[in-house]
Each structure stands twice: as structure tokens, then as C-alpha cells.
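Undergrad: Following this message is one structure expressed as C-alpha cells.
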Amino acid sequence: MHVFVTGGTGHIGSYIIPELIAAGHEVTGLARSDESAAVVAALGAKVLRGDISDLDGLKAAAAASDGVIHVAHRQDLLPSGGLDAVAAAELQIMLAYGEALAGTGKPLVVSGSIGSPGWENLGRPATEEDPALPGGDAYKGTLRVRNIVELTVVGLAERGVRSSIVRIPTIAHSTTDAGFLPLLIALAKEKGVVGYPGDGANRWPAVHSRDLASLFRLALEKGPAGKSWHGTEGEGIPFREIAEAIGKRLGLPVVSIPADVLMIPGYFGFLANLVTLDLPASSFITRQTLGWEPIQPGLLDDLDNGHYFPAS
């Protein structure tokens with residue numbers, strides 16, 4: 001299969017490209033700079049120079065491929081327009097893919113987020129069958145504004161696209177992780193203590209990036225149309241356990257940060273709205289349907305491998 005991949009130089013994409021090639025697929029990766037082009041080529045893929053803001057270019061690349069994996073984001077819009085602008089731009093990208101792939105039955109696999117659909121009060125782990133809840137003006141500036149993207153991708157199944165969403169957990173860990181976990185570690189070093197919100201019982205799901213890459217491949221190869229998949233190694237890890245693992249490795253005390261409007265932002269800063277979320281999610285349907293099974297170290301084991309705490 002000839003697969004067009006966007007975001008191939010990012011944290012997840014840089015694992016997806018080798019995963020696809022190892023499985024015998026031909027990959028073309030989008031690159032907007034000489035540096036990105038060199039990375040894509042080093043990963044073993046063909047290079048297509050371009051940018052995800054070029055909708056006609058995306059349509060042409062999608063039409064010329066046997067399938068698309070899209071994990072890129074318009075991060076350049078964050079400073080000026082925030083999450084709302086990013087979601088609006090992504091929506092246009094998905095509609096462009098829909099035009100290019102309508103009626104073909106070709107796969108389109110797009111990254112989503114366990115943290116955005118708005119399931120905080122389900123009272124149980126979210127499943128793949130739980131739809132992303134509609135956004136709207138009340139949710140401007142929050143992760144939930146991106147739900148229109150997920151709903152649009154799933155809806156493309158009605159237009160003859162084998163479209164699906166891979167919902168990525170809060171933490172995708174690996175030797176090249178540049179996400180929330182390194183931020184929490186840096187914050188602990190800065191504060192001299194490792195904090196967790198309230199009793200720390202709220203759960204954050206996690207997965208190793210290599211396992212996540214295999215899930216994208218399986219969704220591309222055999223995922224039914226109009227589905228969502230959960231890339232989680234378990235239902236979720238209590239935030240306190242994550243904090244304790246960081247504290248043990250850094251030799252720092254682990255403390256509860258009172259869950260009020262002053263203390264949580266005072267310690268966690270811009271992460272304040274995220275760290276209190278309880279986001280348990282099951283991947284049972286994903287495993288049963290696609291045969292996906294995480295085989296890499298879990299989050300707590302990976303924290304003991306040393307790459308998150310390089311020797312000074």
C-alpha cells in the first residue's frame with residue numbers, strides 16, 4: 001500500500017513511518033522544510049515538499065495514495081488564534097481529504113485525543129463507542145473544540161471513505177517524548193517538590209509511542225469505516241502514582257496540591273486545567289477488533305529506564 005503521511009517528523013509520526021515501512025508499505029511523507037525533508041528521508045520514506053495549509057496539495061497527495069495517515073497539526077496558529085483556530089483549520093483539512101477520497105473506500109486515519117471529547121463525568125472508563133461530544137461556543141479555548149474534527153472524520157464513512165480516529169492518551173511515552181511527562185518532570189525540578197492535584201486519584205491514560213504506531217498501521221490496514229480506536233496501555237494511571245514515580249527518580253518529596261482555584265494554578269501553571277481531569281479509557285474494542293496488543297514497557301516501567309532522567 002502507498003501511504004501518504006503528514007506529521008511524519010513529529011513524536012508519533014517518526015514512529016509511524018518506520019512501522020509502515022517494516023510492514024512492507026511504501027510511504028510518502030509531507031515536509032515543509034529542508035530539515036524536515038531530511039528527517040523524512042532518513043526514516044525511509046519518499047519526500048513530498050509542501051505544507052498542510054495547502055489544501056489543494058493535500059487533496060492531490062491523498063488522491064495519489066492508497067491511504068492517508070494524518071497526525072499533523074497547525075501549531076503555527078496557536079499563538080494568534082489558540083485551539084479554536086487550530087480546530088477550524090483542521091476541519092478544512094478533513095473536508096479536503098473527504099473531497100479527494102469520497103467513494104474510493106480508501107483508508108483515512110486521523111489522530112484524536114482521549115482528553116478532548118468531554119467524558120469527564122461518565123462514571124466509567126470511556127470506550128471506543130462513546131462519541132465525541134459536540135463543542136460550540138461554550139467550549140471555546142478548550143480541547144473540546146477539536147471534537148468537530150473527530151466527528152467530521154467519522155462522518156466521512158458515509159461518503160465512501162474508510163475513515164477512523166485513533167484517540168491518543170494524555171501521555172505517549174518514549175525516548176523522544178516531548179509532551180506532558182517531560183513538562184511535569186521539569187516542573188518538579190523547578191519547584192523542588194513533585195505535586196499531584198488533591199488526592200491524586202484522577203487517572204491519566206498512557207501508551208508507548210511504538211505501540212501507538214502499530215495501532216495506526218492496523219487501523220490503516222484493516223480498520224472498519226467510521227470507527228474510533230483507543231491507544232491506551234491500560235484504563236489509566238492515578239496521577240499520584242505518576243508523581244510518586246517521578247519523585248522517586250528525582251529524589252524529591254511528593255506532595256498533594258490542594259484542589260482549589262489558587263493552589264492548582266500556583267503549582268501547575270498553564271497545565272492547571274488538564275492535571276485535574278479524570279480520563280479513564282478502555283481499549284478493549286480496539287484490541288478485540290484490530291488485534292492490537294501493546295508490547296512495549298508501560299509508563300511506570302519506562303520511567304525507570306533512565307531516558308527521562310539523563311545523568312547531569
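Scheme for the C-alpha cells: letters A, B, ... for chains in order shown; per-chain residue numbers from 1; ligand numbers from 1 in order shown.
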Could you go through stretch 150-262 of chain A and tell me which residues DSSP, when run on the backbone, assigns to strand (DSSP E), listing them as an mmCIF file with C-alpha atoms, in the first residue's frame?

TA:
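This went into part-v5.cif:
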data_model
loop_
_atom_site.group_PDB
_atom_site.id
_atom_site.type_symbol
_atom_site.label_atom_id
_atom_site.label_comp_id
_atom_site.auth_asym_id
_atom_site.auth_seq_id
_atom_site.Cartn_x
_atom_site.Cartn_y
_atom_site.Cartn_z
ATOM 1 C CA ARG A 162 -12.748 4.146 5.253
ATOM 2 C CA SER A 163 -12.139 6.821 7.851
ATOM 3 C CA SER A 164 -11.267 6.352 11.503
ATOM 4 C CA ILE A 165 -9.844 8.174 14.512
ATOM 5 C CA VAL A 166 -7.038 6.953 16.764
ATOM 6 C CA ARG A 167 -7.583 8.609 20.133
ATOM 7 C CA ILE A 168 -4.212 9.267 21.718
ATOM 8 C CA ILE A 171 0.870 10.591 27.765
ATOM 9 C CA ALA A 172 2.600 8.942 24.801
ATOM 10 C CA HIS A 173 5.951 7.952 26.258
ATOM 11 C CA VAL A 194 6.522 16.756 42.890
ATOM 12 C CA GLY A 195 2.901 17.804 43.126
ATOM 13 C CA TYR A 196 -0.323 15.991 42.396
ATOM 14 C CA PRO A 197 -3.828 17.527 42.480
ATOM 15 C CA ARG A 203 -6.445 8.805 36.132
ATOM 16 C CA TRP A 204 -4.329 9.618 33.108
ATOM 17 C CA ALA A 206 -0.798 6.349 28.657
ATOM 18 C CA VAL A 207 0.827 4.319 25.888
ATOM 19 C CA HIS A 208 4.277 3.780 24.429
ATOM 20 C CA LYS A 227 -14.787 3.964 13.941
ATOM 21 C CA SER A 228 -12.737 5.369 16.804
ATOM 22 C CA TRP A 229 -9.838 3.451 18.354
ATOM 23 C CA HIS A 230 -8.228 3.862 21.759
ATOM 24 C CA ILE A 237 -2.812 5.531 35.968
ATOM 25 C CA PRO A 238 -3.668 7.558 39.089
ATOM 26 C CA VAL A 254 5.820 14.172 46.675
ATOM 27 C CA VAL A 255 3.040 16.422 47.952
ATOM 28 C CA SER A 256 -0.668 16.987 47.433
ATOM 29 C CA ILE A 257 -1.603 20.332 45.916
#

Undergrad: Tell me, as a ChimeraX atom specification, which residues lie within 8 Å of A:His2, counting only C-alpha atoms; anything in the same chain fewer than 3 positions away does not count.

TA: /A:25-28,65-67

Undergrad: Once you have the residues from the selection above, write them out as a JSON list (two decimals), in the first residue's frame, restricted to N, CA, C and O atoms.

TA:
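Writing the result to part22.json gives the following:
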[["chain", "number", "residue", "atom", "x", "y", "z"],
["A", 25, "HIS", "N", 4.89, -1.42, 3.47],
["A", 25, "HIS", "CA", 4.20, -0.34, 2.77],
["A", 25, "HIS", "C", 5.20, 0.67, 2.21],
["A", 25, "HIS", "O", 6.30, 0.85, 2.74],
["A", 26, "GLU", "N", 4.81, 1.34, 1.16],
["A", 26, "GLU", "CA", 5.57, 2.46, 0.60],
["A", 26, "GLU", "C", 5.01, 3.74, 1.21],
["A", 26, "GLU", "O", 3.78, 3.92, 1.25],
["A", 27, "VAL", "N", 5.86, 4.61, 1.68],
["A", 27, "VAL", "CA", 5.41, 5.80, 2.40],
["A", 27, "VAL", "C", 5.94, 7.06, 1.74],
["A", 27, "VAL", "O", 7.12, 7.15, 1.37],
["A", 28, "THR", "N", 5.05, 8.04, 1.60],
["A", 28, "THR", "CA", 5.44, 9.40, 1.21],
["A", 28, "THR", "C", 5.10, 10.32, 2.37],
["A", 28, "THR", "O", 3.95, 10.34, 2.83],
["A", 65, "SER", "N", -2.56, 8.43, -3.40],
["A", 65, "SER", "CA", -2.14, 7.39, -2.46],
["A", 65, "SER", "C", -3.20, 6.30, -2.35],
["A", 65, "SER", "O", -4.32, 6.43, -2.85],
["A", 66, "ASP", "N", -2.82, 5.22, -1.65],
["A", 66, "ASP", "CA", -3.78, 4.16, -1.34],
["A", 66, "ASP", "C", -4.40, 4.36, 0.04],
["A", 66, "ASP", "O", -5.30, 3.61, 0.43],
["A", 67, "GLY", "N", -3.89, 5.32, 0.79],
["A", 67, "GLY", "CA", -4.40, 5.59, 2.12],
["A", 67, "GLY", "C", -3.63, 6.73, 2.75],
["A", 67, "GLY", "O", -2.52, 7.05, 2.33]]

Undergrad: Which is closest to A:Gly306 among A:Ala213, A:Gly269, A:Ser174, A:Leu91, if we use only C-alpha atoms?

TA: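 The closest residue to A:Gly306 is A:Ser174.
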
Undergrad: Taking 4 positions as the minimum chain separation for residues in the same chain, which residues sit within 10 Å of A:Ala85 when counting only C-alpha atoms? Answer as JSON, numbers by chain.

TA: {"A": [74, 75, 76, 77, 78, 79, 80, 81, 89, 90, 91, 140, 141, 145, 146]}

Undergrad: Quick one: write out the picked residues with all heavy atoms as an mmCIF file, in the first residue's frame?

TA:
data_model
loop_
_atom_site.group_PDB
_atom_site.id
_atom_site.type_symbol
_atom_site.label_atom_id
_atom_site.label_comp_id
_atom_site.auth_asym_id
_atom_site.auth_seq_id
_atom_site.Cartn_x
_atom_site.Cartn_y
_atom_site.Cartn_z
ATOM 1 N N ARG A 74 -1.864 22.311 12.924
ATOM 2 C CA ARG A 74 -1.477 23.680 12.607
ATOM 3 C C ARG A 74 -1.021 24.393 13.882
ATOM 4 O O ARG A 74 -1.638 25.338 14.367
ATOM 5 C CB ARG A 74 -2.654 24.422 11.973
ATOM 6 C CG ARG A 74 -2.960 24.021 10.544
ATOM 7 C CD ARG A 74 -1.859 24.427 9.565
ATOM 8 N NE ARG A 74 -1.538 25.843 9.645
ATOM 9 C CZ ARG A 74 -2.195 26.809 8.992
ATOM 10 N NH1 ARG A 74 -3.197 26.470 8.179
ATOM 11 N NH2 ARG A 74 -1.836 28.068 9.120
ATOM 12 N N GLN A 75 0.100 23.937 14.434
ATOM 13 C CA GLN A 75 0.625 24.528 15.665
ATOM 14 C C GLN A 75 0.981 26.004 15.474
ATOM 15 O O GLN A 75 1.008 26.768 16.439
ATOM 16 C CB GLN A 75 1.864 23.756 16.134
ATOM 17 C CG GLN A 75 1.639 22.282 16.382
ATOM 18 C CD GLN A 75 0.777 21.984 17.594
ATOM 19 O OE1 GLN A 75 0.382 22.886 18.322
ATOM 20 N NE2 GLN A 75 0.479 20.719 17.817
ATOM 21 N N ASP A 76 1.235 26.400 14.236
ATOM 22 C CA ASP A 76 1.587 27.792 13.977
ATOM 23 C C ASP A 76 0.453 28.753 14.288
ATOM 24 O O ASP A 76 0.673 29.954 14.469
ATOM 25 C CB ASP A 76 2.007 27.956 12.511
ATOM 26 C CG ASP A 76 0.899 27.521 11.546
ATOM 27 O OD1 ASP A 76 0.492 26.338 11.623
ATOM 28 O OD2 ASP A 76 0.461 28.354 10.737
ATOM 29 N N LEU A 77 -0.768 28.227 14.382
ATOM 30 C CA LEU A 77 -1.924 29.076 14.656
ATOM 31 C C LEU A 77 -2.173 29.285 16.144
ATOM 32 O O LEU A 77 -2.971 30.148 16.524
ATOM 33 C CB LEU A 77 -3.181 28.468 14.019
ATOM 34 C CG LEU A 77 -3.168 28.368 12.494
ATOM 35 C CD1 LEU A 77 -4.415 27.649 12.005
ATOM 36 C CD2 LEU A 77 -3.074 29.742 11.862
ATOM 37 N N LEU A 78 -1.518 28.498 16.988
ATOM 38 C CA LEU A 78 -1.765 28.595 18.432
ATOM 39 C C LEU A 78 -1.493 29.987 19.008
ATOM 40 O O LEU A 78 -2.314 30.506 19.768
ATOM 41 C CB LEU A 78 -0.941 27.542 19.178
ATOM 42 C CG LEU A 78 -1.527 26.137 19.264
ATOM 43 C CD1 LEU A 78 -0.521 25.182 19.885
ATOM 44 C CD2 LEU A 78 -2.827 26.142 20.071
ATOM 45 N N PRO A 79 -0.357 30.621 18.697
ATOM 46 C CA PRO A 79 -0.075 31.909 19.321
ATOM 47 C C PRO A 79 -1.114 32.983 19.022
ATOM 48 O O PRO A 79 -1.427 33.814 19.877
ATOM 49 C CB PRO A 79 1.298 32.292 18.742
ATOM 50 C CG PRO A 79 1.920 30.998 18.356
ATOM 51 C CD PRO A 79 0.778 30.161 17.867
ATOM 52 N N SER A 80 -1.661 32.961 17.809
ATOM 53 C CA SER A 80 -2.594 34.023 17.421
ATOM 54 C C SER A 80 -4.057 33.657 17.625
ATOM 55 O O SER A 80 -4.871 34.506 18.005
ATOM 56 C CB SER A 80 -2.382 34.398 15.949
ATOM 57 O OG SER A 80 -2.573 33.263 15.111
ATOM 58 N N GLY A 81 -4.399 32.389 17.398
ATOM 59 C CA GLY A 81 -5.811 32.008 17.448
ATOM 60 C C GLY A 81 -6.172 30.929 18.438
ATOM 61 O O GLY A 81 -7.358 30.599 18.611
ATOM 62 N N ALA A 89 -8.882 25.169 11.255
ATOM 63 C CA ALA A 89 -8.007 24.827 10.136
ATOM 64 C C ALA A 89 -8.020 23.321 9.876
ATOM 65 O O ALA A 89 -8.041 22.876 8.716
ATOM 66 C CB ALA A 89 -6.587 25.303 10.421
ATOM 67 N N GLU A 90 -8.019 22.537 10.944
ATOM 68 C CA GLU A 90 -8.043 21.079 10.790
ATOM 69 C C GLU A 90 -9.327 20.613 10.137
ATOM 70 O O GLU A 90 -9.332 19.654 9.358
ATOM 71 C CB GLU A 90 -7.875 20.407 12.154
ATOM 72 C CG GLU A 90 -6.449 20.063 12.500
ATOM 73 C CD GLU A 90 -6.399 19.039 13.615
ATOM 74 O OE1 GLU A 90 -6.644 19.428 14.765
ATOM 75 O OE2 GLU A 90 -6.117 17.867 13.321
ATOM 76 N N LEU A 91 -10.425 21.276 10.463
ATOM 77 C CA LEU A 91 -11.707 20.914 9.864
ATOM 78 C C LEU A 91 -11.634 21.052 8.347
ATOM 79 O O LEU A 91 -12.097 20.159 7.612
ATOM 80 C CB LEU A 91 -12.815 21.796 10.430
ATOM 81 C CG LEU A 91 -14.199 21.615 9.796
ATOM 82 C CD1 LEU A 91 -14.694 20.190 9.969
ATOM 83 C CD2 LEU A 91 -15.188 22.617 10.401
ATOM 84 N N LYS A 140 -15.129 27.154 23.697
ATOM 85 C CA LYS A 140 -14.020 27.825 23.023
ATOM 86 C C LYS A 140 -12.785 27.864 23.916
ATOM 87 O O LYS A 140 -12.886 28.085 25.112
ATOM 88 C CB LYS A 140 -14.420 29.246 22.629
ATOM 89 C CG LYS A 140 -15.326 29.311 21.411
ATOM 90 C CD LYS A 140 -15.557 30.752 20.983
ATOM 91 C CE LYS A 140 -16.351 30.805 19.685
ATOM 92 N NZ LYS A 140 -16.578 32.208 19.238
ATOM 93 N N GLY A 141 -11.637 27.622 23.309
ATOM 94 C CA GLY A 141 -10.386 27.655 24.057
ATOM 95 C C GLY A 141 -10.061 26.379 24.794
ATOM 96 O O GLY A 141 -9.041 26.293 25.469
ATOM 97 N N VAL A 145 -13.097 21.857 21.562
ATOM 98 C CA VAL A 145 -13.420 22.497 20.289
ATOM 99 C C VAL A 145 -12.964 21.633 19.117
ATOM 100 O O VAL A 145 -13.485 21.769 18.003
ATOM 101 C CB VAL A 145 -12.798 23.907 20.168
ATOM 102 C CG1 VAL A 145 -13.322 24.817 21.256
ATOM 103 C CG2 VAL A 145 -11.283 23.855 20.180
ATOM 104 N N ARG A 146 -11.990 20.745 19.364
ATOM 105 C CA ARG A 146 -11.491 19.891 18.284
ATOM 106 C C ARG A 146 -12.437 18.735 17.965
ATOM 107 O O ARG A 146 -12.249 18.029 16.977
ATOM 108 C CB ARG A 146 -10.103 19.346 18.645
ATOM 109 C CG ARG A 146 -9.379 18.726 17.459
ATOM 110 C CD ARG A 146 -8.031 18.125 17.836
ATOM 111 N NE ARG A 146 -7.413 17.513 16.670
ATOM 112 C CZ ARG A 146 -7.668 16.277 16.257
ATOM 113 N NH1 ARG A 146 -8.512 15.520 16.928
ATOM 114 N NH2 ARG A 146 -7.059 15.787 15.182
#

Undergrad: Identify which of the residues A:Leu101, A:Ile114, A:Ala201, A:Leu252 lies closest to A:Ala188, counting only C-alpha atoms when measuring atom-to-atom distances.

TA: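 Smallest distance to A:Ala188 is found for A:Leu252.
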
Undergrad: Find the spatial neighbours of A:Val47, counting only C-alpha atoms, within a cut-off of 9 Å - ignore same-chain residues fewer than 2 positions away - and output them as a PDB file with N, CA and C atoms, in the first residue's frame.

TA:
ATOM      1  N   VAL A  27       5.865   4.613   1.681  1.00  0.00           N
ATOM      2  CA  VAL A  27       5.410   5.801   2.403  1.00  0.00           C
ATOM      3  C   VAL A  27       5.938   7.062   1.738  1.00  0.00           C
ATOM      4  N   THR A  28       5.052   8.043   1.598  1.00  0.00           N
ATOM      5  CA  THR A  28       5.435   9.397   1.210  1.00  0.00           C
ATOM      6  C   THR A  28       5.101  10.318   2.369  1.00  0.00           C
ATOM      7  N   GLY A  29       6.097  11.039   2.833  1.00  0.00           N
ATOM      8  CA  GLY A  29       5.900  11.929   3.969  1.00  0.00           C
ATOM      9  C   GLY A  29       5.950  13.383   3.551  1.00  0.00           C
ATOM     10  N   LEU A  30       5.018  14.182   4.073  1.00  0.00           N
ATOM     11  CA  LEU A  30       4.989  15.606   3.776  1.00  0.00           C
ATOM     12  C   LEU A  30       6.066  16.320   4.584  1.00  0.00           C
ATOM     13  N   ALA A  31       6.770  17.247   3.941  1.00  0.00           N
ATOM     14  CA  ALA A  31       7.823  18.004   4.623  1.00  0.00           C
ATOM     15  C   ALA A  31       7.823  19.431   4.100  1.00  0.00           C
ATOM     16  N   ALA A  37      12.514  17.487   5.487  1.00  0.00           N
ATOM     17  CA  ALA A  37      12.702  16.574   4.361  1.00  0.00           C
ATOM     18  C   ALA A  37      13.813  15.577   4.646  1.00  0.00           C
ATOM     19  N   ALA A  38      14.887  16.050   5.261  1.00  0.00           N
ATOM     20  CA  ALA A  38      15.998  15.164   5.593  1.00  0.00           C
ATOM     21  C   ALA A  38      15.576  14.108   6.612  1.00  0.00           C
ATOM     22  N   VAL A  40      12.434  12.940   7.108  1.00  0.00           N
ATOM     23  CA  VAL A  40      11.529  12.006   6.429  1.00  0.00           C
ATOM     24  C   VAL A  40      12.326  11.002   5.598  1.00  0.00           C
ATOM     25  N   ALA A  41      13.316  11.498   4.866  1.00  0.00           N
ATOM     26  CA  ALA A  41      14.135  10.610   4.042  1.00  0.00           C
ATOM     27  C   ALA A  41      14.931   9.629   4.895  1.00  0.00           C
ATOM     28  N   ALA A  45      11.227   7.124   4.018  1.00  0.00           N
ATOM     29  CA  ALA A  45      10.080   7.478   3.188  1.00  0.00           C
ATOM     30  C   ALA A  45      10.480   8.389   2.040  1.00  0.00           C
ATOM     31  N   ARG A  49       7.480  17.735  -0.751  1.00  0.00           N
ATOM     32  CA  ARG A  49       7.606  19.071  -0.172  1.00  0.00           C
ATOM     33  C   ARG A  49       6.251  19.769  -0.225  1.00  0.00           C
TER      34      ARG A  49
END

Undergrad: Give me, as a PyMOL selection string, the residues of stretch 77-166 of chain A that a backbone DSSP run labels alpha helix (DSSP H).

TA: chain A and resi 78-101+147-155

Undergrad: Write out, as a compact mmCIF listing (two decimals), in the first residue's frame, the residues just selected, with N, CA and C atoms.

TA:
# COMPACT_ATOMS: atom_id res chain seq x y z
N LEU A 78 -1.52 28.50 16.99
CA LEU A 78 -1.77 28.60 18.43
C LEU A 78 -1.49 29.99 19.01
N PRO A 79 -0.36 30.62 18.70
CA PRO A 79 -0.07 31.91 19.32
C PRO A 79 -1.11 32.98 19.02
N SER A 80 -1.66 32.96 17.81
CA SER A 80 -2.59 34.02 17.42
C SER A 80 -4.06 33.66 17.63
N GLY A 81 -4.40 32.39 17.40
CA GLY A 81 -5.81 32.01 17.45
C GLY A 81 -6.17 30.93 18.44
N GLY A 82 -5.17 30.34 19.09
CA GLY A 82 -5.44 29.32 20.09
C GLY A 82 -6.01 28.04 19.48
N LEU A 83 -6.59 27.22 20.34
CA LEU A 83 -7.12 25.93 19.92
C LEU A 83 -8.27 26.08 18.94
N ASP A 84 -9.02 27.18 19.04
CA ASP A 84 -10.15 27.40 18.15
C ASP A 84 -9.67 27.51 16.70
N ALA A 85 -8.60 28.27 16.49
CA ALA A 85 -8.06 28.45 15.14
C ALA A 85 -7.47 27.15 14.61
N VAL A 86 -6.81 26.39 15.48
CA VAL A 86 -6.23 25.12 15.07
C VAL A 86 -7.34 24.16 14.63
N ALA A 87 -8.41 24.08 15.42
CA ALA A 87 -9.52 23.18 15.09
C ALA A 87 -10.20 23.60 13.79
N ALA A 88 -10.38 24.91 13.60
CA ALA A 88 -11.03 25.40 12.38
C ALA A 88 -10.20 25.04 11.15
N ALA A 89 -8.88 25.17 11.26
CA ALA A 89 -8.01 24.83 10.14
C ALA A 89 -8.02 23.32 9.88
N GLU A 90 -8.02 22.54 10.94
CA GLU A 90 -8.04 21.08 10.79
C GLU A 90 -9.33 20.61 10.14
N LEU A 91 -10.43 21.28 10.46
CA LEU A 91 -11.71 20.91 9.86
C LEU A 91 -11.63 21.05 8.35
N GLN A 92 -11.05 22.13 7.86
CA GLN A 92 -10.93 22.33 6.42
C GLN A 92 -10.05 21.26 5.79
N ILE A 93 -9.02 20.82 6.51
CA ILE A 93 -8.16 19.75 6.01
C ILE A 93 -8.95 18.46 5.85
N MET A 94 -9.77 18.13 6.84
CA MET A 94 -10.55 16.89 6.78
C MET A 94 -11.57 16.95 5.64
N LEU A 95 -12.17 18.11 5.43
CA LEU A 95 -13.12 18.25 4.33
C LEU A 95 -12.40 18.09 2.99
N ALA A 96 -11.16 18.58 2.93
CA ALA A 96 -10.37 18.41 1.70
C ALA A 96 -10.08 16.94 1.44
N TYR A 97 -9.68 16.21 2.48
CA TYR A 97 -9.47 14.77 2.33
C TYR A 97 -10.76 14.09 1.87
N GLY A 98 -11.88 14.53 2.43
CA GLY A 98 -13.16 13.95 2.05
C GLY A 98 -13.44 14.11 0.57
N GLU A 99 -13.10 15.28 0.02
CA GLU A 99 -13.29 15.51 -1.42
C GLU A 99 -12.41 14.57 -2.23
N ALA A 100 -11.17 14.41 -1.78
CA ALA A 100 -10.22 13.60 -2.55
C ALA A 100 -10.53 12.11 -2.49
N LEU A 101 -11.06 11.64 -1.37
CA LEU A 101 -11.20 10.21 -1.14
C LEU A 101 -12.63 9.70 -1.23
N ASN A 147 -13.48 18.55 18.78
CA ASN A 147 -14.38 17.43 18.54
C ASN A 147 -15.04 17.49 17.16
N ILE A 148 -15.22 18.69 16.62
CA ILE A 148 -15.81 18.81 15.29
C ILE A 148 -14.95 18.10 14.25
N VAL A 149 -13.64 18.07 14.51
CA VAL A 149 -12.73 17.38 13.59
C VAL A 149 -12.98 15.87 13.65
N GLU A 150 -13.04 15.34 14.87
CA GLU A 150 -13.27 13.90 15.02
C GLU A 150 -14.62 13.50 14.44
N LEU A 151 -15.65 14.28 14.72
CA LEU A 151 -16.98 13.97 14.22
C LEU A 151 -17.02 14.01 12.69
N THR A 152 -16.29 14.95 12.10
CA THR A 152 -16.24 15.06 10.65
C THR A 152 -15.54 13.86 10.03
N VAL A 153 -14.41 13.45 10.63
CA VAL A 153 -13.67 12.30 10.10
C VAL A 153 -14.55 11.05 10.14
N VAL A 154 -15.17 10.79 11.27
CA VAL A 154 -16.04 9.61 11.38
C VAL A 154 -17.18 9.70 10.38
N GLY A 155 -17.70 10.90 10.17
CA GLY A 155 -18.80 11.08 9.24
C GLY A 155 -18.44 10.85 7.78

Undergrad: Quick one: distance from atom CA of A:Ala311 to atom CA of A:Gly266 in Å, one decimal?

TA: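 According to the coordinates, atom CA of A:Ala311 and atom CA of A:Gly266 are separated by 28.8 Å.
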
Undergrad: Mind giving me the straight-line distance from atom CA of A:Ala281 to atom CA of A:Tyr308 in Å, one decimal?

TA: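 Separation between atom CA of A:Ala281 and atom CA of A:Tyr308: 24.8 Å.
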
Undergrad: With a distance cut-off of 10 Å and only C-alpha atoms, select the neighbouring residues of A:Asn121, excluding the residue or stretch itself and same-chain residues fewer than 6 positions from it, and output the selection as a list of chain:residue names.

TA: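 Contacts, with the query itself left out: A:Leu277, A:Asp278, A:Leu279.
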
Undergrad: Just write the chosen residues, N, CA and C atoms, as an mmCIF file, in the first residue's frame.

TA:
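Okay, result-v1.cif is ready:
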data_model
loop_
_atom_site.group_PDB
_atom_site.id
_atom_site.type_symbol
_atom_site.label_atom_id
_atom_site.label_comp_id
_atom_site.auth_asym_id
_atom_site.auth_seq_id
_atom_site.Cartn_x
_atom_site.Cartn_y
_atom_site.Cartn_z
ATOM 1 N N LEU A 277 -8.105 16.531 35.425
ATOM 2 C CA LEU A 277 -9.040 15.699 34.670
ATOM 3 C C LEU A 277 -8.876 14.224 35.023
ATOM 4 N N ASP A 278 -9.996 13.545 35.088
ATOM 5 C CA ASP A 278 -10.012 12.097 35.291
ATOM 6 C C ASP A 278 -10.467 11.484 33.976
ATOM 7 N N LEU A 279 -9.553 10.800 33.263
ATOM 8 C CA LEU A 279 -9.810 10.393 31.887
ATOM 9 C C LEU A 279 -9.608 8.893 31.656
#

Undergrad: Which residue, A:Ala126, A:Leu220, A:Leu187, A:Leu299, has the smallest gap to A:Ile69 when you use only C-alpha atoms?

TA: A:Leu220

Undergrad: Give the answer as one residue: which of A:Asn202, A:Thr104, A:Ser113, A:Gly231 has the shortest atom-to-atom distance to A:Phe284, using only C-alpha atoms?

TA: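 Counting only C-alpha atoms, the residue closest to A:Phe284 is A:Gly231.
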
Undergrad: List the spatial neighbours of A:Glu19 as a PyMOL selection string - criterion: any atom at most 12 Å away, only C-alpha atoms, same-chain residues fewer than 2 positions off excluded.

TA: chain A and resi 3+5+8+12-17+21-27+43-45+209-218+220

Undergrad: Just how far from atom CA of A:Thr170 is atom CA of A:Gly198, in Å to one decimal?

TA: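 Here the two named atoms are 18.8 Å from each other.
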